[in-house]
Structure formats: C-alpha cells, structure tokens
Amino acid sequence: MAIPKLFQDAFRRWLGRSGRAGADARPTVLVKQLHERDRRRMLRHFLALEKSDRLLRFGSALPDELVTQYVQKMDFSRDMILGVYSSGFKLVGVGHLAFAPKEKTPVKSAVTDKEQVAEFGVSVARSARGMGVGSKLFERAAMHCRNNDVDTLYMHCLSSNKTMMHIAKKAGMEIQREYGEADAYLKLLPPNPGSMLQEAVQEQFAMFDYTLKANARAASKLLQRLPGRKKAAPSEQG
C-alpha cells in the first residue's frame, strides 16, 4: 500500500532530505510541545542567554532570579510552550504561546471576534542561529492557534530585534512601531482537516525524534559511569 504524500514529505523532512545537497542543506528543525518535565532544561536555556539576548527576548535584561521566576510560573495547562532540541539533546529554541481572554487585552482584541487572543515570544540559543529555528517555532505556534479557534496571533518586541522583525515580515504580519517598540499581528485562516493532520503529524515526528535523543543521552551517561571511562566535561552533561 502506498504511503500518503503528506507522510512521505514529513518523513523526508525528518531525515533531512530537503532536496539540497552538501553544505547548503540545513539540519532538520523539529518543533515539539514542551511539558513539566522540560522545565529544568528551559531554565537552563534562558539562563544561558547573554544580556543582549535577554533584552531582546523580554524587553529588558532580566536578572537570573526574575528569569527563574518566569520559568517557574509558566502554566503548561493554559499556554502552549514549544521547543527545539539539538542533536545533543540540548534545548536550543523555546517559543511561548500565551493565551488570554480578549476582554483582558482590549487593544489587541479590537481586531478579533474570537474569545481568546494569543501572543508569541521566542528565544534561540546563539549556537542554533541561522538554521530557521525561530521561524519554525512561529509556524508551529500559528498552526496551533489556527487549530484552536484563535484567528489572531500577536508578537511584541523591541524594534531593534531584527530576528523577530524578520519573522514578522516573512509571515506577512501587520507591524506597528511606537517609541522603540513594535506590535505585530497575523490574521489566521480557519482550521481544516489538513491543518489538524499536519500539526498532529509534526508533533508525532518531533516526539519520536525527542525519544531517540533522550535515549541516546541516557546511554551516553550510562557509559560515562562505567569503570575506566573518562568523565564528560560539565558543559556536556544534561
């Protein structure tokens, strides 16, 4: 029985067969929904951001204690937290899709008739820049909004945040700048069976990839504990 084209394309992307060869081929970026068990790695990701990157992500260079509070207060039952793991099982990208009743954000709710509004924030580790991680996180967030009866997706950032501005322009978002800050919003299409299936397939592939990397990491740690093995450097430990 032939494999449906949708699954063939997804499998090729997972294998990294993007149709480009050699140095031009980018590593495959798989976006996975994060859960409570990922909170520790999320905290490590945010604390590793340099002062300038924290400024761009949060609008101010938050000290470690406030970054820790931010991660501790994340509500996985209300919001959608997305992540990208590297081949070494390191969290290199985090997208926070926050939902709120539209009456609590009257300015944002002016362009939607839906019950909820959503705002997206993203951070990418310096080691993963230029691989499309931020764009993939945004695309997955937009798809999740679309499939959950949210028709408007917002981003708020500093106007100097070139990465976010690039993502916004690439997505065709309406951008409004004021006093060094920018608000951008994207109107989303209604869901359909194809968009629902696409999100489910992407999550399944990302979960499969996550499991492989987690098992490989666990096996590596086990080998390091064997007698006569040289211990890994602290930066290599998960």
# chains A, B, ... in the order shown; residues from 1 in each chain; ligands from 1
$ residues_around --residues "A:Ala142" --least-positions-apart "2" --cutoff "10 Å" --atoms "only C-alpha atoms" --output "ChimeraX atom specification"
/A:97,118,120,136-140,144-148,150-154,171,186-189
$ atom_distance --atom1 "atom CA of A:Leu158" --atom2 "atom CA of A:Leu34"
25.9 Å
$ select_by_dssp --residues "stretch 29-158 of chain A" --states "strand (DSSP E)" --output "ChimeraX atom specification"
/A:32-33,80-85,91-101,116-124,152-158
